[in-house]
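Novice: entry_33.cif is reproduced in full below (mmCIF, C-alpha atoms, pLDDT in the B column; chains and numbers go by the auth columns).
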data_start
loop_
_atom_site.group_PDB
_atom_site.id
_atom_site.type_symbol
_atom_site.label_atom_id
_atom_site.label_comp_id
_atom_site.label_asym_id
_atom_site.label_seq_id
_atom_site.Cartn_x
_atom_site.Cartn_y
_atom_site.Cartn_z
_atom_site.B_iso_or_equiv
_atom_site.auth_seq_id
_atom_site.auth_asym_id
ATOM 1 C CA MET A 1 -51.033 37.803 32.826 38.00 1 A
ATOM 2 C CA SER A 2 -51.070 36.462 29.256 41.00 2 A
ATOM 3 C CA PRO A 3 -47.769 35.819 27.467 43.00 3 A
ATOM 4 C CA VAL A 4 -46.324 38.591 25.323 46.00 4 A
ATOM 5 C CA SER A 5 -47.045 38.391 21.607 47.00 5 A
ATOM 6 C CA TYR A 6 -44.071 37.744 19.373 51.00 6 A
ATOM 7 C CA ASP A 7 -45.087 40.923 17.530 87.00 7 A
ATOM 8 C CA ILE A 8 -42.975 42.877 20.029 95.00 8 A
ATOM 9 C CA PHE A 9 -39.250 42.811 19.450 96.00 9 A
ATOM 10 C CA ILE A 10 -36.045 44.546 20.445 97.00 10 A
ATOM 11 C CA SER A 11 -34.961 46.835 17.614 95.00 11 A
ATOM 12 C CA ASP A 12 -31.222 46.399 17.118 92.00 12 A
ATOM 13 C CA ILE A 13 -31.252 49.072 14.402 90.00 13 A
ATOM 14 C CA ASP A 14 -32.683 51.709 16.736 94.00 14 A
ATOM 15 C CA LYS A 15 -30.344 50.683 19.540 93.00 15 A
ATOM 16 C CA GLU A 16 -27.354 51.043 17.221 91.00 16 A
ATOM 17 C CA ARG A 17 -28.569 54.389 15.901 92.00 17 A
ATOM 18 C CA PHE A 18 -29.638 56.127 19.113 95.00 18 A
ATOM 19 C CA GLY A 19 -27.629 54.207 21.715 95.00 19 A
ATOM 20 C CA ILE A 20 -30.688 53.166 23.733 97.00 20 A
ATOM 21 C CA LYS A 21 -32.478 49.841 24.092 98.00 21 A
ATOM 22 C CA THR A 22 -35.630 50.162 21.990 98.00 22 A
ATOM 23 C CA ALA A 23 -38.583 47.833 21.496 98.00 23 A
ATOM 24 C CA ARG A 24 -41.218 47.955 18.766 98.00 24 A
ATOM 25 C CA ILE A 25 -44.722 46.589 18.309 97.00 25 A
ATOM 26 C CA ILE A 26 -47.407 47.028 15.659 96.00 26 A
ATOM 27 C CA GLY A 27 -51.020 46.284 16.494 96.00 27 A
ATOM 28 C CA LEU A 28 -50.918 46.942 20.222 97.00 28 A
ATOM 29 C CA THR A 29 -54.326 46.584 21.938 97.00 29 A
ATOM 30 C CA ALA A 30 -55.649 47.592 25.339 97.00 30 A
ATOM 31 C CA ASP A 31 -55.730 43.919 26.356 97.00 31 A
ATOM 32 C CA SER A 32 -52.109 43.303 25.380 96.00 32 A
ATOM 33 C CA LEU A 33 -50.743 46.506 26.937 97.00 33 A
ATOM 34 C CA PRO A 34 -50.081 45.100 30.460 97.00 34 A
ATOM 35 C CA SER A 35 -48.012 42.242 29.024 96.00 35 A
ATOM 36 C CA ILE A 36 -46.139 44.636 26.750 97.00 36 A
ATOM 37 C CA LEU A 37 -45.240 46.899 29.674 98.00 37 A
ATOM 38 C CA ASP A 38 -44.159 43.863 31.690 97.00 38 A
ATOM 39 C CA PHE A 39 -41.910 42.760 28.822 97.00 39 A
ATOM 40 C CA CYS A 40 -40.309 46.196 28.622 98.00 40 A
ATOM 41 C CA GLY A 41 -39.663 46.163 32.351 97.00 41 A
ATOM 42 C CA ARG A 42 -38.042 42.731 32.293 97.00 42 A
ATOM 43 C CA GLU A 43 -35.922 43.586 29.265 97.00 43 A
ATOM 44 C CA LYS A 44 -34.946 47.019 30.645 98.00 44 A
ATOM 45 C CA VAL A 45 -36.253 48.772 27.530 98.00 45 A
ATOM 46 C CA ALA A 46 -35.635 52.531 27.492 98.00 46 A
ATOM 47 C CA LEU A 47 -37.971 53.415 24.608 98.00 47 A
ATOM 48 C CA LEU A 48 -41.020 51.599 23.266 98.00 48 A
ATOM 49 C CA ILE A 49 -42.298 52.503 19.791 98.00 49 A
ATOM 50 C CA ALA A 50 -45.864 51.227 19.548 98.00 50 A
ATOM 51 C CA ARG A 51 -48.458 51.428 16.812 98.00 51 A
ATOM 52 C CA CYS A 52 -52.168 50.771 17.211 98.00 52 A
ATOM 53 C CA ASN A 53 -54.933 50.706 14.651 97.00 53 A
ATOM 54 C CA MET A 54 -56.405 54.160 14.091 96.00 54 A
ATOM 55 C CA ALA A 55 -59.883 52.708 14.699 96.00 55 A
ATOM 56 C CA ASP A 56 -58.868 51.219 18.068 97.00 56 A
ATOM 57 C CA LEU A 57 -59.449 54.187 20.351 98.00 57 A
ATOM 58 C CA SER A 58 -59.460 51.967 23.441 98.00 58 A
ATOM 59 C CA ALA A 59 -55.813 51.076 22.728 98.00 59 A
ATOM 60 C CA ALA A 60 -54.888 54.717 22.118 98.00 60 A
ATOM 61 C CA GLN A 61 -56.554 55.851 25.329 98.00 61 A
ATOM 62 C CA ALA A 62 -55.009 53.007 27.340 98.00 62 A
ATOM 63 C CA MET A 63 -51.543 54.014 26.153 98.00 63 A
ATOM 64 C CA GLU A 64 -52.173 57.665 26.953 98.00 64 A
ATOM 65 C CA LYS A 65 -53.133 56.718 30.512 98.00 65 A
ATOM 66 C CA GLU A 66 -49.731 54.998 30.817 98.00 66 A
ATOM 67 C CA GLY A 67 -47.818 58.068 29.690 98.00 67 A
ATOM 68 C CA PHE A 68 -47.371 57.254 26.007 98.00 68 A
ATOM 69 C CA LEU A 69 -47.103 60.293 23.704 98.00 69 A
ATOM 70 C CA LEU A 70 -48.546 60.437 20.182 98.00 70 A
ATOM 71 C CA MET A 71 -45.817 61.000 17.579 98.00 71 A
ATOM 72 C CA ASP A 72 -47.474 60.530 14.200 97.00 72 A
ATOM 73 C CA THR A 73 -50.420 59.076 12.286 98.00 73 A
ATOM 74 C CA LEU A 74 -49.686 56.821 9.348 97.00 74 A
ATOM 75 C CA VAL A 75 -52.448 56.344 6.760 98.00 75 A
ATOM 76 C CA TYR A 76 -52.630 53.660 4.076 98.00 76 A
ATOM 77 C CA TYR A 77 -54.169 54.163 0.649 98.00 77 A
ATOM 78 C CA SER A 78 -55.223 51.309 -1.639 98.00 78 A
ATOM 79 C CA LEU A 79 -55.835 51.185 -5.391 98.00 79 A
ATOM 80 C CA ASP A 80 -57.836 48.512 -7.225 98.00 80 A
ATOM 81 C CA LEU A 81 -55.611 47.881 -10.243 97.00 81 A
ATOM 82 C CA ALA A 82 -58.373 46.052 -12.109 94.00 82 A
ATOM 83 C CA ARG A 83 -60.575 49.133 -12.036 94.00 83 A
ATOM 84 C CA GLN A 84 -58.014 51.876 -12.599 92.00 84 A
ATOM 85 C CA SER A 85 -55.913 52.171 -15.737 93.00 85 A
ATOM 86 C CA VAL A 86 -52.398 53.617 -15.623 95.00 86 A
ATOM 87 C CA PRO A 87 -52.561 57.362 -16.368 95.00 87 A
ATOM 88 C CA ALA A 88 -50.336 58.946 -18.976 94.00 88 A
ATOM 89 C CA ASP A 89 -46.900 59.807 -17.625 93.00 89 A
ATOM 90 C CA ASN A 90 -46.350 63.569 -17.527 88.00 90 A
ATOM 91 C CA GLY A 91 -42.707 63.045 -18.462 87.00 91 A
ATOM 92 C CA VAL A 92 -41.281 65.522 -15.932 91.00 92 A
ATOM 93 C CA ALA A 93 -38.643 62.990 -14.900 94.00 93 A
ATOM 94 C CA ARG A 94 -37.291 59.854 -16.472 95.00 94 A
ATOM 95 C CA VAL A 95 -38.080 56.999 -14.076 97.00 95 A
ATOM 96 C CA ARG A 96 -35.953 53.897 -14.520 96.00 96 A
ATOM 97 C CA THR A 97 -34.293 51.075 -12.612 96.00 97 A
ATOM 98 C CA ILE A 98 -31.378 52.305 -10.536 97.00 98 A
ATOM 99 C CA ARG A 99 -27.858 51.183 -11.406 96.00 99 A
ATOM 100 C CA ILE A 100 -25.422 49.607 -8.976 95.00 100 A
ATOM 101 C CA ASP A 101 -22.981 52.528 -9.201 96.00 101 A
ATOM 102 C CA GLU A 102 -25.646 55.063 -8.194 97.00 102 A
ATOM 103 C CA GLU A 103 -26.025 54.097 -4.532 97.00 103 A
ATOM 104 C CA GLU A 104 -24.234 57.108 -3.044 96.00 104 A
ATOM 105 C CA GLU A 105 -26.053 59.537 -5.316 97.00 105 A
ATOM 106 C CA MET A 106 -29.353 57.995 -4.206 97.00 106 A
ATOM 107 C CA ILE A 107 -28.346 58.153 -0.528 96.00 107 A
ATOM 108 C CA SER A 108 -27.613 61.856 -0.926 96.00 108 A
ATOM 109 C CA VAL A 109 -31.113 62.376 -2.307 97.00 109 A
ATOM 110 C CA ALA A 110 -32.601 60.306 0.522 96.00 110 A
ATOM 111 C CA ARG A 111 -30.713 62.305 3.139 94.00 111 A
ATOM 112 C CA GLU A 112 -31.944 65.631 1.753 95.00 112 A
ATOM 113 C CA SER A 113 -35.514 64.543 1.046 94.00 113 A
ATOM 114 C CA PHE A 114 -35.995 63.282 4.624 92.00 114 A
ATOM 115 C CA ARG A 115 -34.116 66.047 6.431 90.00 115 A
ATOM 116 C CA GLY A 116 -36.435 67.291 9.191 84.00 116 A
ATOM 117 C CA TYR A 117 -39.146 64.826 8.092 88.00 117 A
ATOM 118 C CA PHE A 118 -42.272 64.874 10.253 85.00 118 A
ATOM 119 C CA GLY A 119 -42.330 61.165 11.139 92.00 119 A
ATOM 120 C CA HIS A 120 -42.294 59.717 14.641 96.00 120 A
ATOM 121 C CA TYR A 121 -38.512 59.961 15.050 96.00 121 A
ATOM 122 C CA HIS A 122 -38.371 63.707 14.441 94.00 122 A
ATOM 123 C CA ALA A 123 -41.499 64.293 16.536 96.00 123 A
ATOM 124 C CA ASP A 124 -39.766 62.981 19.657 97.00 124 A
ATOM 125 C CA PRO A 125 -37.838 65.825 21.352 96.00 125 A
ATOM 126 C CA ARG A 126 -35.590 63.352 23.171 97.00 126 A
ATOM 127 C CA LEU A 127 -34.072 61.940 19.981 96.00 127 A
ATOM 128 C CA ASP A 128 -31.102 63.567 18.266 95.00 128 A
ATOM 129 C CA LYS A 129 -32.414 65.204 15.076 92.00 129 A
ATOM 130 C CA SER A 130 -29.280 64.541 13.031 91.00 130 A
ATOM 131 C CA LYS A 131 -29.564 60.836 13.901 93.00 131 A
ATOM 132 C CA CYS A 132 -33.253 60.958 12.956 93.00 132 A
ATOM 133 C CA ASP A 133 -32.275 62.287 9.531 88.00 133 A
ATOM 134 C CA GLU A 134 -29.812 59.436 9.088 88.00 134 A
ATOM 135 C CA ALA A 135 -32.475 56.857 10.011 90.00 135 A
ATOM 136 C CA TYR A 136 -34.211 57.295 6.678 89.00 136 A
ATOM 137 C CA ALA A 137 -30.937 57.358 4.738 90.00 137 A
ATOM 138 C CA ASP A 138 -30.045 54.058 6.420 92.00 138 A
ATOM 139 C CA TRP A 139 -33.439 52.636 5.456 92.00 139 A
ATOM 140 C CA ALA A 140 -32.807 53.596 1.828 95.00 140 A
ATOM 141 C CA ARG A 141 -29.317 52.063 1.931 94.00 141 A
ATOM 142 C CA LYS A 142 -30.651 48.770 3.310 94.00 142 A
ATOM 143 C CA ALA A 143 -33.396 48.713 0.670 96.00 143 A
ATOM 144 C CA PHE A 144 -30.753 49.271 -2.016 97.00 144 A
ATOM 145 C CA ALA A 145 -28.618 46.424 -0.674 96.00 145 A
ATOM 146 C CA SER A 146 -31.566 43.993 -0.749 95.00 146 A
ATOM 147 C CA ARG A 147 -33.050 45.162 -4.062 95.00 147 A
ATOM 148 C CA ASN A 148 -33.720 42.869 -6.980 91.00 148 A
ATOM 149 C CA SER A 149 -33.102 43.699 -10.623 83.00 149 A
ATOM 150 C CA GLU A 150 -36.145 45.907 -11.078 93.00 150 A
ATOM 151 C CA ASN A 151 -37.842 47.068 -7.875 96.00 151 A
ATOM 152 C CA PHE A 152 -35.603 50.035 -6.985 98.00 152 A
ATOM 153 C CA LEU A 153 -36.439 53.021 -9.199 97.00 153 A
ATOM 154 C CA ALA A 154 -34.570 56.258 -9.755 98.00 154 A
ATOM 155 C CA GLY A 155 -35.950 59.458 -11.209 97.00 155 A
ATOM 156 C CA GLU A 156 -33.539 61.604 -13.182 96.00 156 A
ATOM 157 C CA ILE A 157 -33.601 65.013 -14.789 96.00 157 A
ATOM 158 C CA GLY A 158 -30.745 66.058 -17.029 94.00 158 A
ATOM 159 C CA GLY A 159 -28.836 62.887 -16.154 93.00 159 A
ATOM 160 C CA LYS A 160 -28.958 63.635 -12.404 96.00 160 A
ATOM 161 C CA ILE A 161 -30.830 61.498 -9.861 98.00 161 A
ATOM 162 C CA ILE A 162 -33.359 63.663 -8.041 97.00 162 A
ATOM 163 C CA SER A 163 -35.732 61.030 -6.619 98.00 163 A
ATOM 164 C CA PHE A 164 -36.124 57.336 -5.864 98.00 164 A
ATOM 165 C CA GLY A 165 -38.849 54.797 -5.067 97.00 165 A
ATOM 166 C CA VAL A 166 -38.778 51.215 -3.787 98.00 166 A
ATOM 167 C CA LEU A 167 -41.409 48.598 -4.646 98.00 167 A
ATOM 168 C CA ARG A 168 -42.248 45.200 -3.217 97.00 168 A
ATOM 169 C CA ILE A 169 -44.854 42.449 -3.451 97.00 169 A
ATOM 170 C CA ASN A 170 -46.429 41.820 -0.042 97.00 170 A
ATOM 171 C CA ASN A 171 -48.488 38.833 -1.191 97.00 171 A
ATOM 172 C CA PRO A 172 -49.656 37.445 -4.568 96.00 172 A
ATOM 173 C CA ASP A 173 -52.426 40.038 -4.752 97.00 173 A
ATOM 174 C CA GLU A 174 -50.754 43.140 -3.310 98.00 174 A
ATOM 175 C CA GLY A 175 -47.909 45.391 -4.365 98.00 175 A
ATOM 176 C CA GLU A 176 -46.570 48.394 -2.478 98.00 176 A
ATOM 177 C CA MET A 177 -44.331 51.412 -2.943 97.00 177 A
ATOM 178 C CA PHE A 178 -43.000 51.420 0.611 96.00 178 A
ATOM 179 C CA LEU A 179 -40.191 53.962 0.443 96.00 179 A
ATOM 180 C CA GLY A 180 -39.407 56.953 -1.701 95.00 180 A
ATOM 181 C CA GLY A 181 -38.129 60.490 -1.682 96.00 181 A
ATOM 182 C CA ILE A 182 -37.767 63.543 -3.901 97.00 182 A
ATOM 183 C CA HIS A 183 -34.981 66.079 -3.458 97.00 183 A
ATOM 184 C CA PRO A 184 -36.460 69.300 -1.975 95.00 184 A
ATOM 185 C CA ASN A 185 -35.293 71.333 -4.987 96.00 185 A
ATOM 186 C CA PHE A 186 -37.530 69.243 -7.256 96.00 186 A
ATOM 187 C CA GLN A 187 -40.631 68.747 -5.126 94.00 187 A
ATOM 188 C CA GLY A 188 -43.980 70.039 -6.365 92.00 188 A
ATOM 189 C CA GLN A 189 -43.109 69.541 -10.038 93.00 189 A
ATOM 190 C CA GLY A 190 -45.141 66.417 -10.765 94.00 190 A
ATOM 191 C CA ILE A 191 -42.348 63.883 -10.290 96.00 191 A
ATOM 192 C CA TYR A 192 -44.446 61.835 -7.863 96.00 192 A
ATOM 193 C CA HIS A 193 -46.962 61.390 -10.691 95.00 193 A
ATOM 194 C CA SER A 194 -44.316 59.664 -12.828 95.00 194 A
ATOM 195 C CA PHE A 195 -43.357 57.332 -9.987 96.00 195 A
ATOM 196 C CA LEU A 196 -46.962 56.309 -9.403 97.00 196 A
ATOM 197 C CA CYS A 197 -47.370 55.497 -13.094 96.00 197 A
ATOM 198 C CA LYS A 198 -44.245 53.333 -13.086 96.00 198 A
ATOM 199 C CA ALA A 199 -45.240 51.707 -9.778 97.00 199 A
ATOM 200 C CA MET A 200 -48.667 50.767 -11.134 97.00 200 A
ATOM 201 C CA GLU A 201 -47.068 49.238 -14.225 97.00 201 A
ATOM 202 C CA TRP A 202 -44.658 47.256 -12.058 97.00 202 A
ATOM 203 C CA CYS A 203 -47.421 45.910 -9.802 97.00 203 A
ATOM 204 C CA LEU A 204 -49.481 44.907 -12.845 97.00 204 A
ATOM 205 C CA SER A 205 -46.471 43.102 -14.298 96.00 205 A
ATOM 206 C CA LYS A 206 -46.403 41.033 -11.098 96.00 206 A
ATOM 207 C CA ASN A 207 -50.135 40.224 -11.482 97.00 207 A
ATOM 208 C CA ALA A 208 -50.997 42.149 -8.328 98.00 208 A
ATOM 209 C CA LYS A 209 -54.666 43.072 -7.987 97.00 209 A
ATOM 210 C CA LYS A 210 -54.098 46.101 -5.791 98.00 210 A
ATOM 211 C CA MET A 211 -51.401 48.555 -4.811 98.00 211 A
ATOM 212 C CA ILE A 212 -50.947 50.239 -1.448 98.00 212 A
ATOM 213 C CA ILE A 213 -49.000 53.279 -0.281 98.00 213 A
ATOM 214 C CA SER A 214 -48.625 54.779 3.189 97.00 214 A
ATOM 215 C CA THR A 215 -47.929 58.365 4.145 96.00 215 A
ATOM 216 C CA GLN A 216 -48.192 60.681 7.111 96.00 216 A
ATOM 217 C CA LEU A 217 -51.679 62.065 7.753 96.00 217 A
ATOM 218 C CA LYS A 218 -50.316 65.601 7.589 94.00 218 A
ATOM 219 C CA ASN A 219 -48.723 64.993 4.177 94.00 219 A
ATOM 220 C CA ILE A 220 -51.618 66.593 2.308 95.00 220 A
ATOM 221 C CA PRO A 221 -49.868 67.111 -1.085 93.00 221 A
ATOM 222 C CA VAL A 222 -49.134 63.383 -1.471 95.00 222 A
ATOM 223 C CA GLN A 223 -52.669 62.439 -0.471 97.00 223 A
ATOM 224 C CA LYS A 224 -54.114 64.818 -3.064 96.00 224 A
ATOM 225 C CA VAL A 225 -52.098 63.076 -5.789 96.00 225 A
ATOM 226 C CA LEU A 226 -53.120 59.623 -4.548 97.00 226 A
ATOM 227 C CA ILE A 227 -56.797 60.571 -4.603 97.00 227 A
ATOM 228 C CA LYS A 228 -56.470 61.906 -8.161 95.00 228 A
ATOM 229 C CA PHE A 229 -55.044 58.523 -9.173 96.00 229 A
ATOM 230 C CA GLY A 230 -58.040 56.755 -7.663 96.00 230 A
ATOM 231 C CA PHE A 231 -56.479 55.570 -4.401 98.00 231 A
ATOM 232 C CA GLU A 232 -58.812 55.312 -1.424 98.00 232 A
ATOM 233 C CA ILE A 233 -57.884 55.452 2.238 97.00 233 A
ATOM 234 C CA SER A 234 -58.030 51.952 3.715 97.00 234 A
ATOM 235 C CA SER A 235 -56.464 51.993 7.187 97.00 235 A
ATOM 236 C CA GLY A 236 -54.233 53.913 9.547 97.00 236 A
ATOM 237 C CA TYR A 237 -52.032 53.632 12.617 98.00 237 A
ATOM 238 C CA TYR A 238 -51.199 55.917 15.509 98.00 238 A
ATOM 239 C CA THR A 239 -47.528 55.813 16.493 98.00 239 A
ATOM 240 C CA TYR A 240 -46.771 56.320 20.187 98.00 240 A
ATOM 241 C CA HIS A 241 -43.491 56.556 22.088 98.00 241 A
ATOM 242 C CA LYS A 242 -43.112 55.530 25.715 98.00 242 A
ATOM 243 C CA TRP A 243 -39.933 56.410 27.599 98.00 243 A
ATOM 244 C CA PHE A 244 -39.234 54.334 30.696 98.00 244 A
ATOM 245 C CA TYR A 245 -36.170 56.271 31.856 93.00 245 A
#
Let me see the file written as structure tokens.

Specialist:
Amino acid sequence: MSPVSYDIFISDIDKERFGIKTARIIGLTADSLPSILDFCGREKVALLIARCNMADLSAAQAMEKEGFLLMDTLVYYSLDLARQSVPADNGVARVRTIRIDEEEEMISVARESFRGYFGHYHADPRLDKSKCDEAYADWARKAFASRNSENFLAGEIGGKIISFGVLRINNPDEGEMFLGGIHPNFQGQGIYHSFLCKAMEWCLSKNAKKMIISTQLKNIPVQKVLIKFGFEISSGYYTYHKWFY
């Protein structure tokens, strides 16, 4: 049996949150699956969170034969910044860099915007839903703590934060908005449009040639906006959970 790829790791964050030993891997293949299962057995892993490429049906089918359950499908959209100009901002919300004293206000927005979210955590009936809600708030808090002076954006209306978005440069050519949320009371009003405009400007300021965004396959409203902006679907991942006991 071949050695386990270093792509698999024990997730201390998930263990702390849910109280169970959890492992994660992205890019699982049918060939690597036996070694991955062996690793989980040796390490006494209770839950394995595994993602495989959406085009790799052999990996998906191999996992299903081993009792893995599909939890979500994550799709990535890409935009060629050299070919697409930044649209006019609709001005629904003022999008700006967040201030250091606004962390708790942002966390409140994150908690509400992700409450009952249809990602892989919430799709698993064995995971506590209140802890699933807090997972995304924790993610936002960690992103805030590691932010730089300009990559964490807040959207405000009437002086109140109602949305946020976090940007990063993955490599010299690629920027990404990898986390964001809009308070439920303000969704469907065009605020996402303003964030995309600001995100494109930010990526261009970093000399990135393209920008990527991921979302859940079932998140149709977001995908409609991305397509209007000129984004094209580029890849996707199935997320599976495997419980060992």

Novice: A:Glu105: which residues within 10 Å, counting all atoms listed in the file, same-chain residues fewer than 3 positions away excluded, as a list in words?

Specialist: Asp101, Glu102, Ser108, Val109, Ala110, Lys160, Ile161, Ile162 and Ser163 of chain A

Novice: What lies within 12 Å of A:His193 using only C-alpha atoms, ignoring chain neighbours under 6 positions off, as JSON, numbers by chain?

Specialist: {"A": [86, 87, 88, 89, 90, 91, 92, 93, 94, 95, 155, 163, 165, 182, 187, 199, 200, 221, 222, 223, 224, 225, 226, 227, 228, 229]}

Novice: Of the candidates A:Asp12, A:Asp72, A:Glu150, A:Glu176, which one gets nearest to A:Lys218 if we count all atoms listed in the file?

Specialist: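 Answer, going by the shortest atom-to-atom distance: A:Asp72.
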
Novice: Can you list, as an MDAnalysis selection string, the residues that the PyMOL selection byres ((chain A and resi 76) around 8) selects here?

Specialist: chainID A and resid 74:75 77:78 212:215 233:236

Novice: Measure the distance from atom CA of A:Met106 to atom CA of A:Glu174 in Å and round it to one decimal.

Specialist: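 Computing the Euclidean distance for atom CA of A:Met106 and atom CA of A:Glu174 yields 26.1 Å.
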
Novice: Name all residues at most 10 Å from A:Glu43 (count only C-alpha atoms; drop same-chain ones fewer than 2 positions away) and give them as a CSV table (one decimal) with C-alpha atoms, in the frame of the given file.

Specialist:
chain,number,residue,atom,x,y,z
A,10,ILE,CA,-36.0,44.5,20.4
A,21,LYS,CA,-32.5,49.8,24.1
A,22,THR,CA,-35.6,50.2,22.0
A,23,ALA,CA,-38.6,47.8,21.5
A,37,LEU,CA,-45.2,46.9,29.7
A,38,ASP,CA,-44.2,43.9,31.7
A,39,PHE,CA,-41.9,42.8,28.8
A,40,CYS,CA,-40.3,46.2,28.6
A,41,GLY,CA,-39.7,46.2,32.4
A,45,VAL,CA,-36.3,48.8,27.5
A,46,ALA,CA,-35.6,52.5,27.5

Novice: Could you spell out the hits of the PyMOL selection byres ((chain A and resi 47-58) around 10) on the shown file, as JSON, numbers by chain?

Specialist: {"A": [8, 9, 10, 11, 14, 15, 20, 21, 22, 23, 24, 25, 26, 27, 28, 29, 30, 31, 36, 37, 40, 44, 45, 46, 59, 60, 61, 62, 63, 64, 68, 69, 70, 71, 72, 73, 74, 75, 120, 121, 235, 236, 237, 238, 239, 240, 241, 242, 243, 244, 245]}

Novice: With distances taken over only C-alpha atoms, which residue among A:Phe195, A:Trp202, A:Tyr136, A:Phe114 lies nearest A:Asn151?

Specialist: A:Trp202

Novice: Which is closest to A:Glu16 among A:Ile220, A:Leu196, A:Leu33, A:Ala135, if we use only C-alpha atoms?

Specialist: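 Among the listed residues, the smallest separation from A:Glu16 belongs to A:Ala135.
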
Novice: Suppose you want the space between atom CA of A:Ile13 and atom CA of A:Val166; what is it in Å?

Specialist: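 These two atoms are separated by 19.8 Å.
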
Novice: Can you list, as JSON, numbers by chain, the residues that the PyMOL selection byres ((chain A and resi 171) around 12) selects here?

Specialist: {"A": [168, 169, 170, 172, 173, 174, 175, 176, 203, 206, 207, 208, 209, 210, 211, 212]}

Novice: May I ask for the distance between atom CA of A:Asn219 and atom CA of A:Phe118, given in Å to one decimal place?

Specialist: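 Interatomic distance here is 8.9 Å.
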
Novice: Report as an MDAnalysis selection string all protein, DNA and RNA residues lying within 10 Å of A:Glu112, evaluated on all atoms listed in the file, omitting residues in the same chain fewer than 5 positions from it.

Specialist: chainID A and resid 107 117 133:134 136:137 181:185

Novice: Counting all atoms listed in the file, which of A:Ile191, A:Met177, A:Leu217, A:Leu81 gets nearest to A:Ala143?

Specialist: A:Met177

Novice: Hey, can I get the axis-aligned box for stretch 153-171 of chain A? All listed atoms, 4 Å padding on each side, centre and edge lengths in Å to one decimal, as lines of an AutoDock Vina configuration file.

Specialist:
center_x = -38.7
center_y = 52.4
center_z = -8.5
size_x = 27.7
size_y = 35.2
size_z = 25.0
